[in-house]
>>> print(open('start-v4.tsv').read())   # TSV, C-alpha atoms and all ligand atoms
chain	number	residue	atom	x	y	z
A	1	MET	CA	0.00	0.00	0.00
A	2	LYS	CA	1.30	3.49	-0.89
A	3	LYS	CA	0.59	6.33	1.54
A	4	HIS	CA	1.79	9.91	1.73
A	5	ILE	CA	2.08	11.31	5.25
A	6	ALA	CA	2.46	15.01	6.09
A	7	VAL	CA	4.72	15.48	9.12
A	8	LEU	CA	4.21	18.63	11.19
A	9	ALA	CA	6.98	18.42	13.79
A	10	GLY	CA	6.22	21.81	15.38
A	11	ASP	CA	8.04	23.08	18.46
A	12	GLY	CA	9.81	21.97	21.64
A	13	ILE	CA	10.03	18.17	21.73
A	14	GLY	CA	7.95	17.97	18.50
A	15	PRO	CA	10.93	17.31	16.18
A	16	GLU	CA	12.38	14.57	18.48
A	17	ILE	CA	9.16	12.63	18.98
A	18	THR	CA	8.06	12.80	15.34
A	19	GLU	CA	11.52	11.64	14.23
A	20	GLY	CA	11.14	8.58	16.47
A	21	ALA	CA	7.61	7.88	15.24
A	22	VAL	CA	8.66	8.17	11.58
A	23	ALA	CA	11.45	5.64	12.25
A	24	VAL	CA	8.80	3.22	13.56
A	25	LEU	CA	6.54	3.80	10.53
A	26	LYS	CA	9.49	3.17	8.20
A	27	ARG	CA	10.10	-0.14	9.95
A	28	VAL	CA	6.40	-1.07	9.56
A	29	ALA	CA	6.58	-0.25	5.83
A	30	GLU	CA	9.71	-2.39	5.45
A	31	LYS	CA	8.31	-5.32	7.40
A	32	PHE	CA	4.82	-5.38	5.81
A	33	GLY	CA	5.79	-4.33	2.28
A	34	HIS	CA	4.19	-0.86	2.16
A	35	GLU	CA	5.50	2.38	0.73
A	36	PHE	CA	5.14	5.35	3.07
A	37	THR	CA	6.46	8.74	2.01
A	38	PHE	CA	6.91	11.60	4.48
A	39	GLU	CA	6.66	15.34	3.80
A	40	PRO	CA	7.89	17.76	6.51
A	41	LEU	CA	5.78	20.93	6.83
A	42	LEU	CA	5.82	24.00	9.05
A	43	ILE	CA	3.38	24.75	11.89
A	44	GLY	CA	3.35	26.67	15.18
A	45	GLY	CA	6.31	28.65	16.47
A	46	ALA	CA	8.66	27.10	13.90
A	47	ALA	CA	6.34	28.42	11.16
A	48	ILE	CA	6.11	31.87	12.80
A	49	ASP	CA	9.92	32.11	12.85
A	50	ARG	CA	10.20	31.20	9.16
A	51	THR	CA	7.08	32.79	7.63
A	52	GLY	CA	5.49	35.09	10.24
A	53	GLU	CA	2.35	32.88	10.33
A	54	PRO	CA	1.55	29.92	12.63
A	55	LEU	CA	-0.14	28.05	9.76
A	56	PRO	CA	1.23	28.87	6.29
A	57	ALA	CA	-1.13	28.31	3.34
A	58	GLU	CA	1.30	25.72	1.94
A	59	THR	CA	0.92	23.59	5.07
A	60	ILE	CA	-2.87	23.54	4.74
A	61	GLU	CA	-2.71	22.77	1.04
A	62	ARG	CA	-0.21	19.92	1.44
A	63	CYS	CA	-2.01	18.41	4.45
A	64	LEU	CA	-5.26	18.33	2.47
A	65	ALA	CA	-3.42	16.56	-0.35
A	66	SER	CA	-1.90	13.93	1.98
A	67	ASP	CA	-3.35	10.60	3.13
A	68	SER	CA	-2.91	11.62	6.77
A	69	VAL	CA	-1.05	14.02	9.01
A	70	LEU	CA	1.34	13.30	11.88
A	71	LEU	CA	1.77	16.21	14.30
A	72	GLY	CA	4.28	16.68	17.13
A	73	ALA	CA	3.27	19.64	19.28
A	74	VAL	CA	3.26	23.43	19.09
A	75	GLY	CA	3.99	26.34	21.40
A	76	GLY	CA	6.58	27.55	23.87
A	77	PRO	CA	7.62	30.57	25.95
A	78	LYS	CA	9.36	32.20	22.96
A	79	TRP	CA	5.97	32.96	21.38
A	80	ASP	CA	3.85	33.46	24.53
A	81	SER	CA	3.71	37.25	24.29
A	82	LEU	CA	2.41	37.32	20.70
A	83	PRO	CA	-1.22	38.44	20.16
A	84	GLY	CA	-3.85	35.64	20.21
A	85	ASP	CA	-4.27	35.24	16.44
A	86	LYS	CA	-0.49	35.06	15.87
A	87	ARG	CA	0.28	32.44	18.52
A	88	PRO	CA	1.47	28.89	17.69
A	89	GLU	CA	-1.76	27.36	19.10
A	90	LYS	CA	-3.66	29.21	16.38
A	91	GLY	CA	-1.87	26.94	13.90
A	92	LEU	CA	-3.20	23.87	15.66
A	93	LEU	CA	-6.78	25.13	15.85
A	94	GLY	CA	-6.46	26.28	12.22
A	95	ILE	CA	-5.33	22.95	10.79
A	96	ARG	CA	-8.12	21.10	12.64
A	97	LYS	CA	-10.62	23.56	11.19
A	98	ALA	CA	-9.12	23.48	7.66
A	99	MET	CA	-9.27	19.66	7.61
A	100	ASN	CA	-12.78	19.77	9.15
A	101	LEU	CA	-11.70	17.45	11.95
A	102	TYR	CA	-14.57	17.61	14.38
A	103	SER	CA	-13.77	14.60	16.51
A	104	ASN	CA	-10.81	13.93	18.75
A	105	ILE	CA	-10.41	10.42	20.12
A	106	ARG	CA	-8.09	9.92	23.07
A	107	PRO	CA	-7.68	6.43	24.48
A	108	ALA	CA	-6.31	6.51	28.05
A	109	LYS	CA	-5.01	3.06	28.84
A	110	LEU	CA	-3.08	1.83	31.86
A	111	TRP	CA	-0.44	-0.51	30.44
A	112	ARG	CA	0.14	-3.64	32.52
A	113	ALA	CA	3.88	-2.98	32.78
A	114	LEU	CA	3.19	0.55	34.03
A	115	ALA	CA	0.55	-0.26	36.66
A	116	ASP	CA	2.88	1.06	39.38
A	117	ALA	CA	3.28	4.38	37.51
A	118	SER	CA	-0.34	5.36	38.18
A	119	PRO	CA	-0.61	7.95	40.95
A	120	LEU	CA	-3.80	6.18	42.12
A	121	LYS	CA	-3.75	3.46	44.79
A	122	GLU	CA	-3.53	-0.07	43.44
A	123	GLU	CA	-7.05	-0.93	44.67
A	124	LEU	CA	-8.49	1.86	42.49
A	125	VAL	CA	-6.83	0.67	39.26
A	126	LYS	CA	-6.79	-3.10	39.84
A	127	ASP	CA	-9.81	-3.52	37.51
A	128	GLY	CA	-7.84	-1.85	34.70
A	129	VAL	CA	-8.24	1.56	33.09
A	130	GLU	CA	-9.18	1.99	29.46
A	131	ILE	CA	-11.12	5.19	28.92
A	132	THR	CA	-11.75	6.40	25.39
A	133	VAL	CA	-12.49	10.10	25.46
A	134	VAL	CA	-14.45	11.24	22.39
A	135	ARG	CA	-14.10	15.00	22.35
A	136	GLU	CA	-15.89	17.45	20.05
A	137	LEU	CA	-13.08	19.43	18.43
A	138	THR	CA	-14.21	22.33	16.26
A	139	GLY	CA	-17.03	23.91	18.23
A	140	GLY	CA	-17.75	25.28	21.68
A	141	ILE	CA	-15.94	27.99	23.57
A	142	TYR	CA	-12.56	27.54	21.84
A	143	PHE	CA	-14.13	28.64	18.54
A	144	GLY	CA	-16.92	30.90	19.83
A	145	GLU	CA	-16.94	34.68	19.64
A	146	ARG	CA	-14.77	36.46	22.16
A	147	GLY	CA	-13.73	39.95	23.02
A	148	ARG	CA	-12.92	42.62	25.56
A	149	PHE	CA	-14.54	45.89	26.48
A	150	GLY	CA	-13.99	48.66	28.97
A	151	ASP	CA	-10.65	50.22	29.83
A	152	GLU	CA	-8.14	50.25	32.64
A	153	LYS	CA	-9.80	53.20	34.35
A	154	ASN	CA	-13.33	51.77	34.40
A	155	GLY	CA	-12.35	48.14	34.64
A	156	GLU	CA	-11.68	45.88	31.66
A	157	THR	CA	-13.91	42.88	30.94
A	158	ALA	CA	-13.23	39.86	28.70
A	159	TRP	CA	-15.77	37.34	27.36
A	160	ASP	CA	-15.84	34.03	25.47
A	161	THR	CA	-18.85	32.16	24.09
A	162	GLU	CA	-19.82	28.50	24.40
A	163	ARG	CA	-22.05	27.64	21.46
A	164	TYR	CA	-23.22	24.32	19.99
A	165	SER	CA	-25.62	23.44	17.18
A	166	VAL	CA	-27.73	20.27	16.86
A	167	ARG	CA	-25.63	19.27	13.84
A	168	GLU	CA	-22.35	19.56	15.72
A	169	ILE	CA	-23.64	17.54	18.68
A	170	ALA	CA	-25.25	14.86	16.51
A	171	ARG	CA	-22.14	14.16	14.41
A	172	ILE	CA	-19.85	13.74	17.44
A	173	THR	CA	-22.51	11.53	19.08
A	174	LYS	CA	-22.41	9.33	15.99
A	175	ILE	CA	-18.63	8.85	16.37
A	176	ALA	CA	-19.02	7.96	20.07
A	177	CYS	CA	-21.83	5.50	19.23
A	178	GLU	CA	-19.70	3.85	16.53
A	179	ILE	CA	-16.83	3.35	18.99
A	180	ALA	CA	-19.13	2.20	21.82
A	181	SER	CA	-20.89	-0.28	19.56
A	182	LYS	CA	-17.56	-2.12	19.14
A	183	ARG	CA	-16.94	-2.06	22.90
A	184	SER	CA	-19.18	-2.05	25.99
A	185	LYS	CA	-22.15	-0.32	24.27
A	186	LYS	CA	-22.11	2.25	27.07
A	187	ILE	CA	-21.47	5.95	26.74
A	188	ILE	CA	-21.10	8.44	29.56
A	189	SER	CA	-21.94	11.88	28.19
A	190	VAL	CA	-20.49	14.84	30.08
A	191	ASP	CA	-22.17	18.22	30.43
A	192	LYS	CA	-23.06	21.00	32.83
A	193	ALA	CA	-26.79	20.90	32.14
A	194	ASN	CA	-27.67	22.20	35.60
A	195	VAL	CA	-26.19	25.58	34.60
A	196	LEU	CA	-25.51	25.91	30.85
A	197	GLU	CA	-28.12	26.19	28.10
A	198	SER	CA	-25.65	24.74	25.57
A	199	SER	CA	-25.32	21.69	27.85
A	200	ARG	CA	-29.09	21.23	27.99
A	201	LEU	CA	-29.18	21.09	24.19
A	202	TRP	CA	-26.14	18.77	24.25
A	203	ARG	CA	-27.92	16.35	26.59
A	204	ALA	CA	-31.17	16.33	24.60
A	205	VAL	CA	-29.47	15.79	21.23
A	206	VAL	CA	-27.12	13.05	22.48
A	207	HIS	CA	-30.07	11.05	23.84
A	208	ALA	CA	-32.34	11.65	20.85
A	209	TYR	CA	-29.60	10.65	18.37
A	210	ALA	CA	-28.44	7.55	20.23
A	211	GLU	CA	-31.99	6.33	20.86
A	212	LYS	CA	-32.95	6.78	17.20
A	213	TYR	CA	-29.87	5.36	15.46
A	214	TYR	CA	-28.12	3.16	18.07
A	215	PRO	CA	-30.93	1.77	20.26
A	216	ASP	CA	-28.66	-0.89	21.79
A	217	ILE	CA	-26.36	1.74	23.27
A	218	THR	CA	-26.95	3.06	26.77
A	219	VAL	CA	-26.22	6.72	27.40
A	220	GLN	CA	-25.65	7.93	30.94
A	221	ASP	CA	-25.25	11.64	31.71
A	222	MET	CA	-22.67	12.95	34.13
A	223	LEU	CA	-22.05	16.52	35.23
A	224	VAL	CA	-18.51	17.59	34.44
A	225	ASP	CA	-17.58	18.34	38.07
A	226	ASN	CA	-18.78	14.91	39.20
A	227	CYS	CA	-16.97	13.31	36.25
A	228	ALA	CA	-13.66	14.93	37.26
A	229	MET	CA	-14.16	13.38	40.70
A	230	GLN	CA	-15.30	9.94	39.47
A	231	ILE	CA	-12.27	9.54	37.18
A	232	VAL	CA	-9.97	9.47	40.20
A	233	LYS	CA	-12.47	7.69	42.49
A	234	TYR	CA	-13.25	4.67	40.29
A	235	PRO	CA	-11.83	4.90	36.75
A	236	ALA	CA	-12.94	1.36	35.77
A	237	GLN	CA	-16.57	2.56	35.51
A	238	PHE	CA	-15.71	4.49	32.31
A	239	ASP	CA	-15.46	3.13	28.80
A	240	VAL	CA	-16.50	5.72	26.20
A	241	LEU	CA	-16.66	9.28	27.51
A	242	LEU	CA	-18.40	11.78	25.19
A	243	THR	CA	-17.55	15.44	25.77
A	244	SER	CA	-17.64	18.95	24.39
A	245	ASN	CA	-14.39	20.60	23.29
A	246	MET	CA	-13.40	22.27	26.58
A	247	PHE	CA	-14.61	19.56	28.96
A	248	GLY	CA	-12.79	16.94	26.89
A	249	ASP	CA	-9.59	18.98	26.85
A	250	ILE	CA	-9.51	18.98	30.64
A	251	LEU	CA	-10.87	15.50	31.40
A	252	SER	CA	-8.62	13.74	28.89
A	253	ASP	CA	-5.54	15.19	30.60
A	254	GLU	CA	-6.89	13.98	33.93
A	255	ALA	CA	-7.58	10.50	32.50
A	256	ALA	CA	-4.09	10.53	30.96
A	257	GLN	CA	-2.44	11.26	34.26
A	258	ILE	CA	-3.98	8.28	36.06
A	259	THR	CA	-2.42	6.01	33.44
A	260	GLY	CA	1.07	7.10	34.50
A	261	SER	CA	2.37	9.71	32.10
A	262	ILE	CA	1.01	12.12	29.57
A	263	GLY	CA	3.90	10.89	27.39
A	264	MET	CA	2.04	7.61	26.75
A	265	LEU	CA	-1.26	8.95	25.38
A	266	ALA	CA	-2.10	9.06	21.67
A	267	SER	CA	-4.95	10.75	19.84
A	268	SER	CA	-6.66	10.89	16.49
A	269	SER	CA	-8.74	13.65	14.97
A	270	LEU	CA	-11.13	12.76	12.20
A	271	GLY	CA	-13.90	14.33	10.16
A	272	ASP	CA	-15.93	12.92	7.31
A	273	THR	CA	-12.95	11.58	5.30
A	274	LYS	CA	-10.22	9.03	6.02
A	275	CYS	CA	-7.54	11.76	6.10
A	276	GLY	CA	-6.99	12.33	9.81
A	277	LEU	CA	-4.58	14.14	12.08
A	278	TYR	CA	-2.67	12.04	14.60
A	279	GLU	CA	-0.80	13.51	17.54
A	280	PRO	CA	0.21	12.88	21.14
A	281	ILE	CA	-2.10	14.55	23.64
A	282	HIS	CA	0.75	16.34	25.39
A	283	GLY	CA	2.22	19.71	24.49
A	284	SER	CA	5.67	20.77	23.32
A	285	ALA	CA	7.27	20.27	26.78
A	286	PRO	CA	9.74	23.17	26.42
A	287	ASP	CA	11.30	22.21	29.80
A	288	ILE	CA	12.80	19.04	28.29
A	289	ALA	CA	13.10	20.00	24.61
A	290	GLY	CA	16.32	19.14	22.78
A	291	LYS	CA	17.62	16.90	25.61
A	292	ASP	CA	16.67	13.52	24.09
A	293	VAL	CA	14.66	12.62	27.23
A	294	ALA	CA	11.07	12.96	25.95
A	295	ASN	CA	8.85	9.90	25.75
A	296	PRO	CA	8.05	9.19	22.07
A	297	ILE	CA	5.47	6.46	22.82
A	298	ALA	CA	2.40	8.74	22.63
A	299	THR	CA	3.44	9.77	19.12
A	300	ILE	CA	4.30	6.19	18.15
A	301	LEU	CA	0.88	4.99	19.36
A	302	SER	CA	-0.72	7.84	17.39
A	303	CYS	CA	0.88	6.27	14.30
A	304	ALA	CA	-0.77	2.95	15.22
A	305	MET	CA	-4.13	4.78	15.30
A	306	MET	CA	-3.34	6.28	11.88
A	307	LEU	CA	-2.62	2.86	10.40
A	308	ARG	CA	-5.83	1.39	11.81
A	309	ASP	CA	-8.32	4.26	11.42
A	310	SER	CA	-7.12	6.03	8.25
A	311	PHE	CA	-5.36	3.27	6.30
A	312	GLY	CA	-7.32	0.21	7.50
A	313	LEU	CA	-4.03	-1.54	8.44
A	314	ALA	CA	-5.16	-3.29	11.64
A	315	LYS	CA	-2.39	-5.92	11.67
A	316	GLU	CA	0.31	-3.28	11.31
A	317	ALA	CA	-1.28	-1.13	14.06
A	318	GLU	CA	-1.32	-4.11	16.37
A	319	ALA	CA	2.35	-4.80	15.56
A	320	ILE	CA	3.24	-1.33	16.88
A	321	GLU	CA	1.13	-1.75	20.03
A	322	THR	CA	2.62	-5.17	20.75
A	323	ALA	CA	6.15	-3.81	20.20
A	324	VAL	CA	5.46	-1.01	22.72
A	325	GLU	CA	4.13	-3.54	25.23
A	326	ARG	CA	7.21	-5.75	24.79
A	327	VAL	CA	9.66	-2.88	25.20
A	328	LEU	CA	7.89	-1.83	28.42
A	329	GLU	CA	7.84	-5.40	29.70
A	330	GLU	CA	11.56	-5.67	28.98
A	331	GLY	CA	11.95	-2.77	31.42
A	332	TYR	CA	12.93	0.11	29.10
A	333	ARG	CA	11.70	3.49	30.36
A	334	THR	CA	12.08	7.13	29.42
A	335	ALA	CA	12.58	9.51	32.35
A	336	ASP	CA	8.86	10.30	32.82
A	337	ILE	CA	7.99	6.64	33.54
A	338	PHE	CA	11.31	5.55	35.06
A	339	ARG	CA	11.27	3.63	38.37
A	340	GLU	CA	14.10	2.03	40.38
A	341	GLY	CA	15.01	-1.29	38.81
A	342	THR	CA	14.05	-0.35	35.23
A	343	LYS	CA	16.39	0.70	32.38
A	344	LYS	CA	16.43	4.40	31.55
A	345	VAL	CA	16.68	5.27	27.83
A	346	GLY	CA	16.38	8.48	25.84
A	347	CYS	CA	13.79	9.45	23.23
A	348	ARG	CA	15.78	8.20	20.24
A	349	ALA	CA	16.74	4.90	21.91
A	350	MET	CA	13.14	4.23	23.02
A	351	ALA	CA	11.84	4.71	19.47
A	352	ALA	CA	14.64	2.51	18.12
A	353	ARG	CA	13.76	-0.26	20.62
A	354	VAL	CA	10.12	-0.19	19.50
A	355	ALA	CA	11.12	-0.23	15.81
A	356	GLU	CA	13.45	-3.18	16.40
A	357	ARG	CA	10.64	-5.25	17.91
A	358	ILE	CA	8.32	-4.88	14.95
B	401	LIG	P1	3.08	19.90	28.15
B	401	LIG	O1	2.20	18.76	27.85
B	401	LIG	O2	3.97	20.38	27.08
B	401	LIG	O3	3.99	19.55	29.43
B	401	LIG	C1	3.44	19.22	30.70
B	401	LIG	C2	4.48	18.39	31.49
B	401	LIG	O4	4.54	17.07	30.93
B	401	LIG	C3	5.91	18.94	31.41
B	401	LIG	O5	6.54	18.70	32.64
B	401	LIG	C4	6.55	18.12	30.32
B	401	LIG	O6	7.96	17.99	30.47
B	401	LIG	C5	5.85	16.78	30.48
B	401	LIG	N1	5.75	16.06	29.20
B	401	LIG	C6	4.93	16.37	28.16
B	401	LIG	N2	5.12	15.53	27.15
B	401	LIG	C7	6.08	14.67	27.53
B	401	LIG	C8	6.74	13.57	26.91
B	401	LIG	N3	6.44	13.16	25.67
B	401	LIG	N4	7.69	12.93	27.60
B	401	LIG	C9	8.02	13.28	28.85
B	401	LIG	N5	7.44	14.32	29.51
B	401	LIG	C10	6.49	15.00	28.85
B	401	LIG	O7	2.13	21.08	28.67
B	401	LIG	P2	2.48	22.59	29.06
B	401	LIG	O8	3.79	22.65	29.78
B	401	LIG	O9	1.25	23.09	29.72
B	401	LIG	O10	2.60	23.35	27.68
B	401	LIG	C11	3.84	23.60	27.01
B	401	LIG	C12	3.56	24.23	25.66
B	401	LIG	O11	2.85	23.29	24.86
B	401	LIG	C13	2.67	25.48	25.74
B	401	LIG	O12	3.14	26.40	24.81
B	401	LIG	C14	1.29	24.96	25.35
B	401	LIG	O13	0.49	25.96	24.76
B	401	LIG	C15	1.66	23.90	24.33
B	401	LIG	N6	0.65	22.84	24.16
B	401	LIG	C16	0.56	22.33	22.91
B	401	LIG	C17	-0.31	21.28	22.67
B	401	LIG	C18	-0.34	20.69	21.30
B	401	LIG	O14	0.48	21.05	20.47
B	401	LIG	N7	-1.26	19.78	21.01
B	401	LIG	C19	-1.06	20.74	23.72
B	401	LIG	C20	-0.91	21.26	25.00
B	401	LIG	C21	-0.03	22.31	25.21
>>> encode(input="start-v4.tsv", output="structure tokens")
Amino acid sequence: MKKHIAVLAGDGIGPEITEGAVAVLKRVAEKFGHEFTFEPLLIGGAAIDRTGEPLPAETIERCLASDSVLLGAVGGPKWDSLPGDKRPEKGLLGIRKAMNLYSNIRPAKLWRALADASPLKEELVKDGVEITVVRELTGGIYFGERGRFGDEKNGETAWDTERYSVREIARITKIACEIASKRSKKIISVDKANVLESSRLWRAVVHAYAEKYYPDITVQDMLVDNCAMQIVKYPAQFDVLLTSNMFGDILSDEAAQITGSIGMLASSSLGDTKCGLYEPIHGSAPDIAGKDVANPIATILSCAMMLRDSFGLAKEAEAIETAVERVLEEGYRTADIFREGTKKVGCRAMAARVAERI
């Protein structure tokens, strides 16, 4: 199979982790007889430095022409004082919008070999943790109208808007139902319907859609504050968690943390086509950038999601996941998941170990 992959390394640890993930994809191509080509493109702070824009037109054009996109991470202190529409994060929001990627799927799994890396007590995670967060990605408060009024003398005020349409809620519900139908057939839908009008519409549409098109799926509602609490109280109760953009942003980081390290968690963003965007859920980690200590596994597992969900290569995806499991069981650890008695390796060496075991 021939596939063309756009690689948006971005900032901070982005170049290191994408380099490791590309090495793993090259090994998969070699082993299974595929031809993957890789095209590096600019995004985020790196793009601002070279072109003045966080998302150059060429990047959008080439991503749309690719079979899928692999992204590292964007952002860093160097660009923090730039105005909102010129910041690196604008590049990330922009590419999701340009590719019409309205769903973000984030599986948070506690790997057997890393059970002791969870900050939760053993009795809370003994039943396993495998939460798939299905987050709406192109609506809500991150894309709503915003502004400021007033002045320093009279007091300045800033505002943002949470806004959702029936169409936006229905299409993300469909994605959650599709995933749940292959798993436990249970969805927990998160909202703040006791306060927000947008959440009341969210709740009504999720139920109406699921009941009409997926009658065998059970939908349970949970208020976002309770959900934040339940994730650390008894994570095994969750399977598919359906959320709006902002709630999912926060809850998926919380779910990630109970699995040990944010450096282990992959994600996919998809719309109506097979061309998706695959990226780790963490940021650019400027504190460890350029030191060859970052964990590349989240990015490597994002590649496994790309193979399965965009290219239909389930066997190859599984080969990556099994290789990761083996490397962890053999005791190799990057600094973020290192414990006494395990073998510490850098970013490049970790990716090489995974590639070797494919
Ligand atoms: P972060 O995820 O970059 O880092 C949080 C902590 O986790 C840091 O201590 C970091 O060292 C650690 N960490 C993250 N990824 C790791 C990895 N692969 N291996 C080992 N340790 C890892 O979040 P932050 O510090 O809040 O943000 C840093 C920058 O990243 C900011 O500019 C932010 O806007 C940006 N950001 C980008 C994205 C993205 O590109 N998708 C997401 C979140 C934050």
>>> residues_near_ligand(input="start-v4.tsv", ligand="ligand LIG 401 (chain B)", cutoff="7 Å", atoms="only C-alpha atoms and all ligand atoms", output="PyMOL selection string")
chain A and resi 72-77+89+92+262-263+281-288+293-296+298+335-336
>>> write_last_selection(input="start-v4.tsv", atoms="C-alpha atoms", output="PDB file, in the coordinates of the input")
ATOM      1  CA  GLY A  72       4.280  16.680  17.130  1.00  0.00           C
ATOM      2  CA  ALA A  73       3.270  19.640  19.280  1.00  0.00           C
ATOM      3  CA  VAL A  74       3.260  23.430  19.090  1.00  0.00           C
ATOM      4  CA  GLY A  75       3.990  26.340  21.400  1.00  0.00           C
ATOM      5  CA  GLY A  76       6.580  27.550  23.870  1.00  0.00           C
ATOM      6  CA  PRO A  77       7.620  30.570  25.950  1.00  0.00           C
ATOM      7  CA  GLU A  89      -1.760  27.360  19.100  1.00  0.00           C
ATOM      8  CA  LEU A  92      -3.200  23.870  15.660  1.00  0.00           C
ATOM      9  CA  ILE A 262       1.010  12.120  29.570  1.00  0.00           C
ATOM     10  CA  GLY A 263       3.900  10.890  27.390  1.00  0.00           C
ATOM     11  CA  ILE A 281      -2.100  14.550  23.640  1.00  0.00           C
ATOM     12  CA  HIS A 282       0.750  16.340  25.390  1.00  0.00           C
ATOM     13  CA  GLY A 283       2.220  19.710  24.490  1.00  0.00           C
ATOM     14  CA  SER A 284       5.670  20.770  23.320  1.00  0.00           C
ATOM     15  CA  ALA A 285       7.270  20.270  26.780  1.00  0.00           C
ATOM     16  CA  PRO A 286       9.740  23.170  26.420  1.00  0.00           C
ATOM     17  CA  ASP A 287      11.300  22.210  29.800  1.00  0.00           C
ATOM     18  CA  ILE A 288      12.800  19.040  28.290  1.00  0.00           C
ATOM     19  CA  VAL A 293      14.660  12.620  27.230  1.00  0.00           C
ATOM     20  CA  ALA A 294      11.070  12.960  25.950  1.00  0.00           C
ATOM     21  CA  ASN A 295       8.850   9.900  25.750  1.00  0.00           C
ATOM     22  CA  PRO A 296       8.050   9.190  22.070  1.00  0.00           C
ATOM     23  CA  ALA A 298       2.400   8.740  22.630  1.00  0.00           C
ATOM     24  CA  ALA A 335      12.580   9.510  32.350  1.00  0.00           C
ATOM     25  CA  ASP A 336       8.860  10.300  32.820  1.00  0.00           C
TER      26      ASP A 336
END
>>> closest_residue(input="start-v4.tsv", among="A:Leu277, A:Ala176, A:Val190, A:Leu82", to="Ile250 in chain A", atoms="all atoms listed in the file")
A:Val190
>>> closest_residue(input="start-v4.tsv", among="A:Val354, A:Leu313, A:Val224, A:Val327", to="Asn194 in chain A", atoms="all atoms listed in the file")
A:Val224
>>> closest_atom_pairs(input="start-v4.tsv", of="range 196-312 of chain A", to="range 128-142 of chain A", cutoff="7 Å", atoms="only C-alpha atoms", output="CSV")
residue,atom,partner,partner_atom,distance
A:Pro235,CA,A:Val129,CA,6.1
A:Ala236,CA,A:Val129,CA,5.4
A:Phe238,CA,A:Ile131,CA,5.7
A:Asp239,CA,A:Ile131,CA,4.8
A:Val240,CA,A:Thr132,CA,4.9
A:Leu241,CA,A:Val133,CA,4.7
A:Leu242,CA,A:Val134,CA,4.9
A:Thr243,CA,A:Arg135,CA,4.9
A:Ser244,CA,A:Glu136,CA,4.9
A:Asn245,CA,A:Glu136,CA,4.8
A:Met246,CA,A:Ile141,CA,6.9
A:Gly248,CA,A:Arg135,CA,5.1
A:Ser252,CA,A:Val133,CA,6.3
>>> closest_residue(input="start-v4.tsv", among="A:Ser165, A:Thr299, A:Thr334, A:Ser267", to="Ser103 in chain A", atoms="all atoms listed in the file")
A:Ser267
>>> atom_distance(input="start-v4.tsv", atom1="CA of Leu41 in chain A", atom2="CA of Gly84 in chain A")
22.1 Å
>>> atom_distance(input="start-v4.tsv", atom1="CA of Ala23 in chain A", atom2="CA of Ala352 in chain A")
7.4 Å
>>> residues_near_point(input="start-v4.tsv", point="(21.3, 0.2, 30.1)", cutoff="10 Å", atoms="only C-alpha atoms", output="NGL selection string")
:A and (331-332 or 342-345)
>>> write_last_selection(input="start-v4.tsv", atoms="C-alpha atoms", output="CSV table (one decimal), in the coordinates of the input")
chain,number,residue,atom,x,y,z
A,331,GLY,CA,12.0,-2.8,31.4
A,332,TYR,CA,12.9,0.1,29.1
A,342,THR,CA,14.0,-0.4,35.2
A,343,LYS,CA,16.4,0.7,32.4
A,344,LYS,CA,16.4,4.4,31.6
A,345,VAL,CA,16.7,5.3,27.8
>>> closest_residue(input="start-v4.tsv", among="A:Asp249, A:Asp160, A:Glu321, A:Glu168", to="Leu101 in chain A", atoms="only C-alpha atoms")
A:Glu168
>>> closest_residue(input="start-v4.tsv", among="A:Gly94, A:Gly260, A:Gly45, A:Gly290", to="Ala115 in chain A", atoms="only C-alpha atoms")
A:Gly260
>>> build_atoms(input="start-v4.tsv", residues="range 291-299 of chain A", atoms="N, CA and C atoms", output="compact mmCIF listing (two decimals), in the coordinates of the input")
# COMPACT_ATOMS: atom_id res chain seq x y z
N LYS A 291 16.74 17.65 24.68
CA LYS A 291 17.62 16.90 25.61
C LYS A 291 17.58 15.40 25.36
N ASP A 292 16.82 14.95 24.39
CA ASP A 292 16.67 13.52 24.09
C ASP A 292 16.17 12.74 25.32
N VAL A 293 15.23 13.35 26.08
CA VAL A 293 14.66 12.62 27.23
C VAL A 293 13.15 12.42 27.10
N ALA A 294 12.53 13.05 26.08
CA ALA A 294 11.07 12.96 25.95
C ALA A 294 10.63 11.52 25.64
N ASN A 295 9.42 11.21 26.04
CA ASN A 295 8.85 9.90 25.75
C ASN A 295 8.17 9.94 24.37
N PRO A 296 8.65 9.14 23.41
CA PRO A 296 8.05 9.19 22.07
C PRO A 296 6.84 8.27 21.91
N ILE A 297 6.47 7.52 22.99
CA ILE A 297 5.47 6.46 22.82
C ILE A 297 4.09 7.01 22.44
N ALA A 298 3.70 8.17 23.00
CA ALA A 298 2.40 8.74 22.63
C ALA A 298 2.32 8.98 21.12
N THR A 299 3.41 9.48 20.56
CA THR A 299 3.44 9.77 19.12
C THR A 299 3.48 8.47 18.32
